[in-house]
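**Student:** See protein_1.txt below, with compact mmCIF, C-alpha atoms and all ligand atoms.
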# COMPACT_ATOMS: atom_id res chain seq x y z
CA MET V 1 -16.71 -72.21 52.83
CA ASN V 2 -20.23 -73.16 53.90
CA GLU V 3 -23.11 -73.53 51.42
CA LEU V 4 -24.58 -70.11 52.36
CA ASP V 5 -21.34 -68.28 51.66
CA ALA V 6 -21.05 -70.19 48.37
CA MET V 7 -24.59 -69.11 47.45
CA VAL V 8 -23.80 -65.45 48.20
CA ASP V 9 -20.68 -65.69 46.05
CA SER V 10 -22.56 -67.21 43.13
CA ALA V 11 -25.27 -64.50 43.45
CA ARG V 12 -22.60 -61.79 43.32
CA ALA V 13 -21.06 -63.42 40.24
CA GLY V 14 -24.51 -63.74 38.58
CA PHE V 15 -25.30 -60.09 39.26
CA ALA V 16 -21.94 -58.98 37.95
CA GLN V 17 -22.62 -60.83 34.69
CA ALA V 18 -25.95 -59.08 34.17
CA ALA V 19 -25.28 -56.46 31.56
CA THR V 20 -28.72 -54.82 31.59
CA PRO V 21 -31.35 -54.06 34.26
CA ALA V 22 -33.55 -56.80 32.74
CA ASP V 23 -30.76 -59.40 33.04
CA LEU V 24 -30.25 -58.30 36.61
CA GLU V 25 -33.92 -58.78 37.53
CA ASN V 26 -33.74 -62.32 36.09
CA ALA V 27 -30.65 -63.08 38.13
CA LYS V 28 -32.35 -61.70 41.24
CA ALA V 29 -35.33 -64.03 40.77
CA GLN V 30 -33.02 -67.03 41.10
CA TYR V 31 -32.24 -66.05 44.71
CA LEU V 32 -34.94 -63.78 46.02
CA GLY V 33 -37.89 -64.72 43.79
CA LYS V 34 -40.92 -66.82 44.87
CA SER V 35 -39.10 -70.08 44.13
CA GLY V 36 -35.64 -68.60 44.53
CA ARG V 37 -32.99 -70.28 46.61
CA ILE V 38 -33.40 -68.08 49.70
CA THR V 39 -37.15 -68.69 49.68
CA GLU V 40 -36.56 -72.43 49.36
CA LEU V 41 -34.12 -72.36 52.30
CA MET V 42 -36.69 -70.53 54.45
CA LYS V 43 -39.32 -73.13 53.61
CA GLY V 44 -36.83 -75.91 54.49
CA MET V 45 -36.54 -74.55 58.05
CA ALA V 46 -40.04 -75.74 58.96
CA ALA V 47 -38.73 -79.23 59.60
CA LEU V 48 -35.91 -78.11 61.98
CA PRO V 49 -36.05 -78.27 65.79
CA VAL V 50 -36.61 -74.90 67.52
CA GLU V 51 -32.99 -74.38 68.69
CA GLU V 52 -31.54 -75.00 65.26
CA LYS V 53 -34.23 -72.79 63.64
CA LYS V 54 -32.80 -69.75 65.45
CA THR V 55 -29.21 -70.13 64.32
CA ARG V 56 -30.16 -71.36 60.88
CA GLY V 57 -32.64 -68.50 60.38
CA ALA V 58 -30.07 -65.90 61.45
CA ALA V 59 -27.49 -67.34 59.03
CA ILE V 60 -29.97 -67.36 56.13
CA ASN V 61 -30.87 -63.74 56.93
CA VAL V 62 -27.23 -62.71 56.85
CA ALA V 63 -26.89 -64.38 53.43
CA LYS V 64 -30.11 -62.75 52.21
CA GLN V 65 -28.93 -59.30 53.27
CA ALA V 66 -25.60 -59.84 51.56
CA ILE V 67 -27.41 -60.82 48.34
CA GLU V 68 -29.72 -57.80 48.56
CA ALA V 69 -26.74 -55.51 49.11
CA ALA V 70 -24.99 -56.99 46.08
CA LEU V 71 -28.17 -56.59 44.04
CA ASN V 72 -28.58 -52.93 44.96
CA ALA V 73 -24.93 -52.20 44.28
CA ARG V 74 -25.25 -53.76 40.82
CA ARG V 75 -28.49 -51.88 40.13
CA GLN V 76 -26.77 -48.63 40.95
CA ALA V 77 -23.76 -49.52 38.79
CA LEU V 78 -25.98 -50.31 35.78
CA ALA V 79 -27.96 -47.09 36.22
CA ASP V 80 -24.74 -45.08 36.44
CA ALA V 81 -23.41 -46.75 33.29
CA GLU V 82 -26.62 -46.02 31.40
CA LEU V 83 -26.55 -42.36 32.41
CA GLU V 84 -22.94 -42.20 31.32
CA THR V 85 -23.68 -43.53 27.81
CA GLN V 86 -26.64 -41.19 27.50
CA LEU V 87 -24.55 -38.19 28.45
CA LYS V 88 -21.89 -39.22 25.99
CA ALA V 89 -24.43 -39.60 23.18
CA GLU V 90 -25.92 -36.19 23.86
CA ALA V 91 -22.62 -34.45 24.28
CA LEU V 92 -22.38 -31.10 22.54
CA ASP V 93 -19.28 -30.39 20.57
CA VAL V 94 -19.03 -26.71 21.29
CA SER V 95 -16.11 -26.43 18.88
CA LEU V 96 -18.34 -27.18 15.83
CA PRO V 97 -19.09 -24.16 13.63
CA GLY V 98 -22.61 -22.76 14.15
CA ARG V 99 -25.38 -23.43 11.66
CA GLN V 100 -25.39 -20.49 9.28
CA ARG V 101 -28.49 -18.41 8.71
CA GLY V 102 -27.73 -16.62 5.48
CA PRO V 103 -28.51 -12.93 5.41
CA GLY V 104 -31.91 -12.40 3.77
CA GLY V 105 -32.31 -10.38 0.63
CA LEU V 106 -35.00 -8.74 -1.44
CA HIS V 107 -36.65 -10.67 -4.25
CA PRO V 108 -35.24 -9.64 -7.66
CA VAL V 109 -38.62 -8.25 -8.70
CA SER V 110 -38.78 -6.24 -5.46
CA LEU V 111 -35.32 -4.89 -6.29
CA THR V 112 -36.67 -3.81 -9.68
CA LEU V 113 -39.75 -2.18 -8.13
CA GLU V 114 -37.52 -0.26 -5.69
CA ARG V 115 -35.38 0.83 -8.59
CA ILE V 116 -38.38 1.97 -10.64
CA GLU V 117 -39.75 3.92 -7.68
CA ALA V 118 -36.39 5.59 -6.99
CA ILE V 119 -35.92 6.65 -10.61
CA PHE V 120 -39.42 8.06 -11.08
CA SER V 121 -39.36 9.71 -7.65
CA SER V 122 -36.26 11.57 -8.75
CA GLN V 123 -38.25 12.80 -11.76
CA GLY V 124 -40.96 14.20 -9.47
CA PHE V 125 -43.44 11.31 -9.61
CA GLU V 126 -45.49 10.22 -6.60
CA VAL V 127 -45.80 6.51 -5.86
CA ALA V 128 -49.37 5.25 -5.31
CA GLU V 129 -50.77 1.86 -4.39
CA GLY V 130 -54.20 0.48 -5.08
CA PRO V 131 -56.37 -2.56 -4.39
CA GLU V 132 -55.79 -5.88 -6.14
CA ILE V 133 -59.51 -6.67 -6.09
CA GLU V 134 -61.01 -4.14 -8.44
CA SER V 135 -64.45 -3.18 -9.62
CA ASP V 136 -65.52 -3.46 -13.23
CA TRP V 137 -65.74 0.33 -13.34
CA PHE V 138 -62.11 1.08 -12.49
CA ASN V 139 -60.61 -1.89 -14.32
CA PHE V 140 -62.58 -1.50 -17.57
CA THR V 141 -65.43 0.98 -17.95
CA ALA V 142 -63.69 4.11 -16.65
CA LEU V 143 -60.76 3.21 -18.90
CA ASN V 144 -62.93 3.46 -21.98
CA THR V 145 -62.93 -0.31 -22.42
CA PRO V 146 -66.20 -1.32 -24.07
CA GLU V 147 -68.38 -4.13 -22.78
CA ASP V 148 -67.49 -6.44 -25.65
CA HIS V 149 -63.75 -5.94 -25.30
CA PRO V 150 -61.86 -9.29 -25.32
CA ALA V 151 -59.98 -8.39 -22.12
CA ARG V 152 -63.28 -8.78 -20.29
CA SER V 153 -63.63 -12.41 -21.28
CA MET V 154 -63.80 -15.15 -18.66
CA HIS V 155 -60.74 -16.73 -20.24
CA ASP V 156 -58.60 -13.72 -19.45
CA THR V 157 -59.87 -12.51 -16.13
CA PHE V 158 -60.29 -13.84 -12.59
CA TYR V 159 -63.74 -12.76 -11.47
CA VAL V 160 -64.43 -12.82 -7.74
CA GLU V 161 -67.41 -12.34 -5.45
CA GLY V 162 -68.84 -8.88 -5.09
CA GLY V 163 -69.99 -6.20 -7.46
CA SER V 164 -73.10 -6.84 -9.52
CA ASP V 165 -74.13 -9.76 -11.75
CA LYS V 166 -73.52 -7.67 -14.82
CA ALA V 167 -70.30 -6.19 -13.47
CA PRO V 168 -68.66 -8.56 -10.99
CA ASN V 169 -65.52 -7.65 -9.09
CA LEU V 170 -62.25 -9.08 -10.35
CA LEU V 171 -58.54 -9.37 -9.68
CA ARG V 172 -57.22 -6.35 -11.53
CA THR V 173 -55.87 -7.32 -14.95
CA HIS V 174 -53.57 -4.30 -15.06
CA THR V 175 -52.49 -1.35 -12.92
CA SER V 176 -54.30 1.10 -15.23
CA PRO V 177 -57.31 1.42 -12.84
CA MET V 178 -54.90 3.36 -10.63
CA GLN V 179 -54.91 6.11 -13.26
CA ILE V 180 -58.53 6.81 -12.42
CA ARG V 181 -58.31 6.15 -8.67
CA HIS V 182 -55.33 8.42 -8.21
CA ALA V 183 -56.55 11.17 -10.53
CA VAL V 184 -59.96 11.27 -8.83
CA GLN V 185 -58.28 11.72 -5.43
CA HIS V 186 -55.98 14.36 -6.84
CA VAL V 187 -58.86 16.29 -8.43
CA LYS V 188 -60.82 16.07 -5.17
CA ARG V 189 -57.89 17.60 -3.29
CA TYR V 190 -57.74 20.55 -5.69
CA ARG V 191 -61.50 20.85 -6.34
CA ALA V 192 -61.70 24.35 -4.84
CA ALA V 193 -58.81 25.64 -6.97
CA LEU V 194 -60.30 24.07 -10.07
CA ASP V 195 -63.71 25.59 -9.39
CA ALA V 196 -62.07 28.99 -8.94
CA GLY V 197 -60.41 28.59 -12.34
CA LEU V 198 -56.95 28.36 -10.77
CA PRO V 199 -54.35 26.01 -12.27
CA MET V 200 -54.22 22.52 -10.81
CA PRO V 201 -50.86 21.01 -9.86
CA GLU V 202 -49.98 18.37 -12.41
CA ILE V 203 -50.77 14.73 -11.78
CA ARG V 204 -47.53 12.84 -11.89
CA VAL V 205 -47.68 9.36 -10.44
CA ILE V 206 -46.52 5.81 -10.80
CA ALA V 207 -48.49 2.86 -9.42
CA PRO V 208 -46.60 -0.42 -9.10
CA GLY V 209 -48.26 -3.62 -7.96
CA ARG V 210 -49.57 -7.12 -8.58
CA THR V 211 -51.88 -7.91 -11.44
CA TYR V 212 -53.67 -11.10 -12.52
CA ARG V 213 -54.63 -12.86 -15.72
CA VAL V 214 -55.55 -16.39 -16.74
CA ASP V 215 -52.21 -17.02 -18.39
CA SER V 216 -49.31 -19.35 -17.61
CA ASP V 217 -46.15 -20.28 -19.54
CA ALA V 218 -42.45 -19.44 -19.58
CA THR V 219 -43.17 -15.75 -20.10
CA HIS V 220 -46.58 -15.43 -18.42
CA SER V 221 -47.66 -16.07 -14.86
CA PRO V 222 -51.25 -15.81 -13.52
CA MET V 223 -49.89 -13.31 -11.00
CA PHE V 224 -47.44 -10.80 -12.36
CA HIS V 225 -46.37 -7.22 -11.77
CA GLN V 226 -47.06 -4.01 -13.56
CA CYS V 227 -46.15 -0.44 -13.00
CA GLU V 228 -48.44 2.26 -14.27
CA GLY V 229 -47.33 5.79 -15.02
CA LEU V 230 -49.48 8.87 -15.48
CA TRP V 231 -48.67 12.51 -16.16
CA ILE V 232 -51.53 14.92 -16.69
CA GLY V 233 -51.36 18.69 -16.97
CA GLU V 234 -52.22 21.53 -19.28
CA ASN V 235 -49.15 21.18 -21.43
CA VAL V 236 -48.00 17.59 -21.25
CA SER V 237 -47.15 16.12 -24.62
CA PHE V 238 -45.94 12.92 -26.22
CA LYS V 239 -42.50 14.51 -26.29
CA ASP V 240 -42.50 14.51 -22.47
CA LEU V 241 -43.32 10.81 -22.52
CA LYS V 242 -40.34 10.19 -24.78
CA VAL V 243 -38.01 12.16 -22.55
CA VAL V 244 -39.24 10.62 -19.31
CA PHE V 245 -39.25 7.07 -20.57
CA THR V 246 -35.91 7.27 -22.36
CA ASP V 247 -34.39 8.68 -19.20
CA PHE V 248 -35.96 5.92 -17.17
CA CYS V 249 -34.69 3.12 -19.42
CA ARG V 250 -31.15 4.44 -19.55
CA THR V 251 -31.02 4.88 -15.78
CA PHE V 252 -32.66 1.54 -15.10
CA PHE V 253 -30.30 -0.42 -17.33
CA GLU V 254 -27.33 1.82 -16.50
CA SER V 255 -26.62 2.29 -20.19
CA ASP V 256 -26.72 5.26 -22.55
CA ASP V 257 -26.08 2.75 -25.27
CA LEU V 258 -29.77 2.05 -25.61
CA VAL V 259 -32.37 3.35 -28.08
CA LEU V 260 -36.16 3.47 -27.88
CA ARG V 261 -38.83 2.93 -30.50
CA PHE V 262 -42.46 4.01 -30.16
CA ARG V 263 -44.41 1.56 -32.28
CA PRO V 264 -48.05 2.48 -33.10
CA SER V 265 -50.50 0.27 -31.27
CA PHE V 266 -53.97 0.27 -29.77
CA PHE V 267 -55.30 0.55 -26.24
CA PRO V 268 -58.85 1.65 -25.45
CA PHE V 269 -57.67 4.18 -22.86
CA THR V 270 -55.08 5.97 -24.99
CA GLU V 271 -55.18 7.70 -28.35
CA PRO V 272 -52.76 7.60 -30.04
CA SER V 273 -51.19 4.52 -28.46
CA ALA V 274 -47.72 3.09 -28.76
CA GLU V 275 -45.75 0.06 -27.64
CA ILE V 276 -42.36 1.07 -26.35
CA ASP V 277 -39.48 -1.13 -27.54
CA ILE V 278 -35.88 -0.79 -26.48
CA GLN V 279 -32.72 -1.93 -28.20
CA PHE V 280 -29.30 -2.32 -26.61
CA GLN V 281 -26.43 -1.34 -28.87
CA SER V 282 -23.98 -3.59 -27.07
CA GLY V 283 -23.96 -6.51 -24.68
CA PRO V 284 -25.68 -9.91 -24.87
CA LEU V 285 -29.06 -8.51 -25.96
CA ALA V 286 -27.68 -6.14 -28.59
CA GLY V 287 -29.62 -5.62 -31.81
CA ARG V 288 -32.99 -7.09 -30.77
CA TRP V 289 -36.05 -4.92 -30.23
CA LEU V 290 -37.49 -5.73 -26.81
CA GLU V 291 -40.97 -4.67 -25.87
CA VAL V 292 -41.05 -3.07 -22.41
CA ALA V 293 -44.24 -1.00 -22.11
CA GLY V 294 -47.54 0.13 -23.54
CA SER V 295 -48.22 3.85 -23.63
CA GLY V 296 -50.14 6.67 -25.18
CA GLU V 297 -51.94 9.98 -24.86
CA VAL V 298 -54.70 9.55 -22.31
CA HIS V 299 -58.06 9.24 -24.13
CA PRO V 300 -60.45 12.21 -23.63
CA ASN V 301 -63.10 9.87 -22.20
CA VAL V 302 -60.62 8.72 -19.56
CA VAL V 303 -59.67 12.31 -18.71
CA ARG V 304 -63.39 13.02 -18.28
CA ASN V 305 -63.75 10.01 -15.94
CA MET V 306 -60.95 11.50 -13.86
CA GLY V 307 -63.19 14.51 -13.31
CA LEU V 308 -61.21 16.79 -15.61
CA ASP V 309 -62.05 18.73 -18.75
CA PRO V 310 -60.33 17.00 -21.69
CA GLU V 311 -60.32 20.32 -23.56
CA ARG V 312 -57.98 21.67 -20.91
CA TYR V 313 -56.13 18.72 -19.46
CA ILE V 314 -54.04 16.32 -21.44
CA GLY V 315 -51.25 13.89 -20.74
CA PHE V 316 -49.78 10.47 -21.21
CA ALA V 317 -49.81 7.15 -19.51
CA PHE V 318 -47.69 4.07 -19.69
CA GLY V 319 -47.76 0.60 -18.27
CA MET V 320 -44.71 -1.59 -17.99
CA GLY V 321 -43.85 -5.05 -16.74
CA PRO V 322 -41.33 -5.10 -13.89
CA ASP V 323 -41.03 -8.90 -14.21
CA ARG V 324 -39.84 -8.54 -17.78
CA LEU V 325 -37.54 -5.68 -16.88
CA THR V 326 -36.01 -7.91 -14.20
CA MET V 327 -35.52 -10.74 -16.72
CA LEU V 328 -33.79 -8.37 -19.12
CA ARG V 329 -31.62 -6.76 -16.49
CA TYR V 330 -30.36 -10.03 -15.02
CA GLY V 331 -30.56 -12.24 -18.11
CA VAL V 332 -33.23 -14.59 -16.69
CA ASN V 333 -35.05 -16.55 -19.40
CA ASP V 334 -37.94 -18.15 -17.54
CA LEU V 335 -40.41 -15.97 -15.64
CA ARG V 336 -41.53 -18.89 -13.48
CA LEU V 337 -38.17 -18.90 -11.68
CA PHE V 338 -39.30 -15.72 -9.94
CA PHE V 339 -42.28 -17.44 -8.35
CA ASP V 340 -40.93 -20.95 -7.56
CA GLY V 341 -39.31 -19.78 -4.33
CA ASP V 342 -36.11 -21.74 -4.93
CA ILE V 343 -33.49 -20.33 -2.59
CA ARG V 344 -30.65 -21.35 -4.95
CA PHE V 345 -32.09 -19.01 -7.57
CA LEU V 346 -33.16 -16.22 -5.27
CA SER V 347 -29.91 -16.05 -3.29
CA GLN V 348 -28.06 -15.01 -6.45
CA PHE V 349 -29.67 -11.56 -6.19
CA ARG V 350 -28.59 -10.75 -2.62
N1 LIG V 401 -52.78 -1.66 -19.25
C1 LIG V 401 -52.07 -2.11 -20.43
C2 LIG V 401 -51.90 -3.62 -20.38
O1 LIG V 401 -51.99 -4.16 -19.34
C3 LIG V 401 -50.73 -1.48 -20.56
C4 LIG V 401 -50.84 -0.04 -20.86
C5 LIG V 401 -50.89 0.40 -22.16
C6 LIG V 401 -50.90 0.91 -19.86
C7 LIG V 401 -50.97 1.72 -22.48
C8 LIG V 401 -50.98 2.25 -20.15
C9 LIG V 401 -51.02 2.65 -21.48
O2 LIG V 401 -51.04 3.21 -19.23
O3 LIG V 401 -51.07 4.00 -21.77
O4 LIG V 401 -51.68 -4.23 -21.39
Could you write out this file's structure as structure tokens?
**Tutor:**
Amino acid sequence: MNELDAMVDSARAGFAQAATPADLENAKAQYLGKSGRITELMKGMAALPVEEKKTRGAAINVAKQAIEAALNARRQALADAELETQLKAEALDVSLPGRQRGPGGLHPVSLTLERIEAIFSSQGFEVAEGPEIESDWFNFTALNTPEDHPARSMHDTFYVEGGSDKAPNLLRTHTSPMQIRHAVQHVKRYRAALDAGLPMPEIRVIAPGRTYRVDSDATHSPMFHQCEGLWIGENVSFKDLKVVFTDFCRTFFESDDLVLRFRPSFFPFTEPSAEIDIQFQSGPLAGRWLEVAGSGEVHPNVVRNMGLDPERYIGFAFGMGPDRLTMLRYGVNDLRLFFDGDIRFLSQFR
């Protein structure tokens, strides 16, 4: 074997040993680089006589082409191998089970609100919604709540921009403003009948929604829910409140084994007023009185602010806490769980 053939062989062996494209480029430099062996051989030809130059040059060229061919073949082989590993790494195992997207579900408090709406709808109540940013008038004044009432304090209420300096707007502290808003609309609709001395269809409405107070612990959240109820007519009495609310509680908790207590209380917008407590006769909560709502006969001043004559129209109102009802129904002991957004908790109500 002549020295050129030996050089081609050693180049092939060097290229074959290169495991990466970078190794290969280093190996190439030894033969084809600026001071590589081929380049050196070319330089060495300068000293040869013309006749020998021809044959020598041709032989070196043959060797050079053989080395270049080997180099290109190895480059291709390395590129193919790299593609192969990449494809393997990215391979999809189509036999793996798909990633599950659990079916969504309503929030437990939403379930309660739906339940409340369904029960009262079946008793002939409308469902009304109102704004969460309220004016001082609807939230307090129209509800017979005097200017020095503690509920108006900065500590209890989130005041927001808008309204006047003396009576700024606020995040409603209860759903009771909906009593006025809804009644005023209702009265407007039947104004002509009222003016003609004809009877007005009764106001029978519930108003569920979000309410806000500066309050936060295991049983209070700055944002919470309330559901207002209002029934106004010419012959609506406290007895009707008892019937309606007892019916509601028994349907809501799916238990006839449940008694109610109307405990005297005070609210500016009702007179007389009562807290409604319930007691289960069996089950885990049996024997304890549990407060579920405030209620009362709508105060004459409030009836007047609805645009009605309190000598003629009378009725009751109540306000309950759907969050608390949800806690009682499902046995949840910390209100904050409802608002943490933890899927492990929430998925239990699907
Ligand atoms: N608005 C009252 C509160 O947030 C609850 C309430 C009490 C509503 C008596 C009523 C009612 O409609 O008659 O504490």
**Student:** Wanna dump the chain V-ligand LIG 401 (chain V) contacts at 7 Å for me, each residue with its shortest atom pair and the distance in Å to one decimal, counting all atoms listed in the file, ordered by chain and number, as CSV?
**Tutor:**
residue,atom,partner,partner_atom,distance
V:Thr173,CA,V:LIG401,O1,6.7
V:His174,CA,V:LIG401,O1,4.6
V:Thr175,CA,V:LIG401,N1,6.3
V:Ser176,CA,V:LIG401,N1,5.1
V:Glu228,CA,V:LIG401,O2,5.7
V:Gly229,CA,V:LIG401,O2,6.2
V:Leu230,CA,V:LIG401,O2,7.0
V:Phe267,CA,V:LIG401,C7,5.9
V:Phe269,CA,V:LIG401,O3,6.7
V:Thr270,CA,V:LIG401,O3,5.5
V:Ser273,CA,V:LIG401,C7,6.6
V:Ala293,CA,V:LIG401,C3,6.7
V:Gly294,CA,V:LIG401,C5,3.6
V:Ser295,CA,V:LIG401,O3,3.4
V:Gly296,CA,V:LIG401,O3,4.4
V:Glu297,CA,V:LIG401,O3,6.8
V:Val298,CA,V:LIG401,O3,6.7
V:Phe316,CA,V:LIG401,O3,6.6
V:Ala317,CA,V:LIG401,O3,4.1
V:Phe318,CA,V:LIG401,O2,3.5
V:Gly319,CA,V:LIG401,C6,3.5
V:Met320,CA,V:LIG401,C3,6.5
**Student:** Ranking V:Leu24, V:Phe266, V:Arg304, V:Ala63 by minimum distance to Gln76 (chain V) and counting only C-alpha atoms, which one comes first?
**Tutor:** V:Leu24
**Student:** Rounded to one decimal in Å, what is the spacing between CA of Glu40 (chain V) and CA of Gln65 (chain V)?
**Tutor:**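 Separation between CA of Glu40 (chain V) and CA of Gln65 (chain V): 15.7 Å.
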**Student:** Counting only C-alpha atoms, what is within 10 Å of Leu113 (chain V), bar same-chain residues fewer than 2 positions away, as a ChimeraX atom specification?
**Tutor:** /V:107-111,115-119,208-209,225-227,321-323,325-326
**Student:** Show me, as a PyMOL selection string, the residues that have an atom within 12 Å of region 148-162 of chain V when counting all atoms listed in the file, minus same-chain residues fewer than 3 positions from it.
**Tutor:** chain V and resi 132-137+139-141+143-145+165-174+211-216+222-223+267-268
**Student:** Between CA of Pro199 (chain V) and CA of Met306 (chain V), what is the distance, to one decimal in Å?
**Tutor:**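 Value for the CA of Pro199 (chain V)-CA of Met306 (chain V) distance: 16.0 Å.
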**Student:** Using all atoms listed in the file, which residue out of V:Val244, V:Ile343, V:Ala13, V:Leu4 lies closest to Ser122 (chain V)?
**Tutor:** V:Val244
**Student:** Grab the CA of Ile203 (chain V) to CA of Phe138 (chain V) distance for me, in Å with one decimal place.
**Tutor:** 17.8 Å
**Student:** Could you check which of V:Leu32, V:Pro284, V:Met178, V:Trp231 is closest to Pro201 (chain V), using all atoms listed in the file?
**Tutor:**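 Looking only at the distances to Pro201 (chain V), the closest residue turns out to be V:Trp231.
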**Student:** Find the spatial neighbours of region 18-22 of chain V, counting all atoms listed in the file, within a cut-off of 10 Å - ignore same-chain residues fewer than 5 positions away - and output them as an mmCIF file with C-alpha atoms, in the frame of the given file.
**Tutor:**
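Output (selection-v2.cif):
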data_model
loop_
_atom_site.group_PDB
_atom_site.id
_atom_site.type_symbol
_atom_site.label_atom_id
_atom_site.label_comp_id
_atom_site.auth_asym_id
_atom_site.auth_seq_id
_atom_site.Cartn_x
_atom_site.Cartn_y
_atom_site.Cartn_z
ATOM 1 C CA ALA V 13 -21.060 -63.420 40.240
ATOM 2 C CA ALA V 27 -30.650 -63.080 38.130
ATOM 3 C CA LYS V 28 -32.350 -61.700 41.240
ATOM 4 C CA ARG V 74 -25.250 -53.760 40.820
ATOM 5 C CA ARG V 75 -28.490 -51.880 40.130
ATOM 6 C CA GLN V 76 -26.770 -48.630 40.950
ATOM 7 C CA ALA V 77 -23.760 -49.520 38.790
ATOM 8 C CA LEU V 78 -25.980 -50.310 35.780
ATOM 9 C CA ALA V 79 -27.960 -47.090 36.220
ATOM 10 C CA ALA V 81 -23.410 -46.750 33.290
ATOM 11 C CA GLU V 82 -26.620 -46.020 31.400
#
**Student:** Reconstruct N, CA and C atoms of region 201-219 of chain V; output as a PDB file, in the frame of the given file.
**Tutor:**
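Below you can see result-v5.pdb, which holds the result:
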ATOM      1  N   PRO V 201     -52.182  21.652  -9.776  1.00  0.00           N
ATOM      2  CA  PRO V 201     -50.860  21.010  -9.860  1.00  0.00           C
ATOM      3  C   PRO V 201     -50.957  19.754 -10.719  1.00  0.00           C
ATOM      4  N   GLU V 202     -49.939  19.517 -11.491  1.00  0.00           N
ATOM      5  CA  GLU V 202     -49.980  18.370 -12.410  1.00  0.00           C
ATOM      6  C   GLU V 202     -50.106  17.048 -11.657  1.00  0.00           C
ATOM      7  N   ILE V 203     -50.730  16.091 -12.319  1.00  0.00           N
ATOM      8  CA  ILE V 203     -50.770  14.730 -11.780  1.00  0.00           C
ATOM      9  C   ILE V 203     -49.547  14.021 -12.338  1.00  0.00           C
ATOM     10  N   ARG V 204     -48.721  13.566 -11.442  1.00  0.00           N
ATOM     11  CA  ARG V 204     -47.530  12.840 -11.890  1.00  0.00           C
ATOM     12  C   ARG V 204     -47.341  11.672 -10.923  1.00  0.00           C
ATOM     13  N   VAL V 205     -47.651  10.484 -11.377  1.00  0.00           N
ATOM     14  CA  VAL V 205     -47.680   9.360 -10.440  1.00  0.00           C
ATOM     15  C   VAL V 205     -47.260   8.061 -11.121  1.00  0.00           C
ATOM     16  N   ILE V 206     -46.656   7.189 -10.340  1.00  0.00           N
ATOM     17  CA  ILE V 206     -46.520   5.810 -10.800  1.00  0.00           C
ATOM     18  C   ILE V 206     -47.257   4.919  -9.799  1.00  0.00           C
ATOM     19  N   ALA V 207     -47.747   3.776 -10.283  1.00  0.00           N
ATOM     20  CA  ALA V 207     -48.490   2.860  -9.420  1.00  0.00           C
ATOM     21  C   ALA V 207     -48.032   1.434  -9.698  1.00  0.00           C
ATOM     22  N   PRO V 208     -47.064   0.958  -8.920  1.00  0.00           N
ATOM     23  CA  PRO V 208     -46.600  -0.420  -9.100  1.00  0.00           C
ATOM     24  C   PRO V 208     -47.481  -1.380  -8.310  1.00  0.00           C
ATOM     25  N   GLY V 209     -47.519  -2.643  -8.752  1.00  0.00           N
ATOM     26  CA  GLY V 209     -48.260  -3.620  -7.960  1.00  0.00           C
ATOM     27  C   GLY V 209     -48.523  -4.915  -8.694  1.00  0.00           C
ATOM     28  N   ARG V 210     -49.257  -5.804  -8.005  1.00  0.00           N
ATOM     29  CA  ARG V 210     -49.570  -7.120  -8.580  1.00  0.00           C
ATOM     30  C   ARG V 210     -50.800  -7.053  -9.448  1.00  0.00           C
ATOM     31  N   THR V 211     -50.762  -7.842 -10.518  1.00  0.00           N
ATOM     32  CA  THR V 211     -51.880  -7.910 -11.440  1.00  0.00           C
ATOM     33  C   THR V 211     -52.107  -9.382 -11.808  1.00  0.00           C
ATOM     34  N   TYR V 212     -53.280  -9.684 -12.354  1.00  0.00           N
ATOM     35  CA  TYR V 212     -53.670 -11.100 -12.520  1.00  0.00           C
ATOM     36  C   TYR V 212     -54.349 -11.357 -13.860  1.00  0.00           C
ATOM     37  N   ARG V 213     -53.935 -12.424 -14.504  1.00  0.00           N
ATOM     38  CA  ARG V 213     -54.630 -12.860 -15.720  1.00  0.00           C
ATOM     39  C   ARG V 213     -54.572 -14.373 -15.842  1.00  0.00           C
ATOM     40  N   VAL V 214     -55.536 -14.939 -16.554  1.00  0.00           N
ATOM     41  CA  VAL V 214     -55.550 -16.390 -16.740  1.00  0.00           C
ATOM     42  C   VAL V 214     -54.529 -16.708 -17.842  1.00  0.00           C
ATOM     43  N   ASP V 215     -53.292 -16.909 -17.423  1.00  0.00           N
ATOM     44  CA  ASP V 215     -52.210 -17.020 -18.390  1.00  0.00           C
ATOM     45  C   ASP V 215     -51.024 -17.681 -17.691  1.00  0.00           C
ATOM     46  N   SER V 216     -50.434 -18.713 -18.293  1.00  0.00           N
ATOM     47  CA  SER V 216     -49.310 -19.350 -17.610  1.00  0.00           C
ATOM     48  C   SER V 216     -48.405 -20.094 -18.583  1.00  0.00           C
ATOM     49  N   ASP V 217     -47.212 -19.579 -18.798  1.00  0.00           N
ATOM     50  CA  ASP V 217     -46.150 -20.280 -19.540  1.00  0.00           C
ATOM     51  C   ASP V 217     -44.813 -19.651 -19.168  1.00  0.00           C
ATOM     52  N   ALA V 218     -43.791 -19.894 -19.972  1.00  0.00           N
ATOM     53  CA  ALA V 218     -42.450 -19.440 -19.580  1.00  0.00           C
ATOM     54  C   ALA V 218     -42.346 -17.919 -19.473  1.00  0.00           C
ATOM     55  N   THR V 219     -43.250 -17.209 -20.167  1.00  0.00           N
ATOM     56  CA  THR V 219     -43.170 -15.750 -20.100  1.00  0.00           C
ATOM     57  C   THR V 219     -44.433 -15.118 -19.509  1.00  0.00           C
TER      58      THR V 219
END
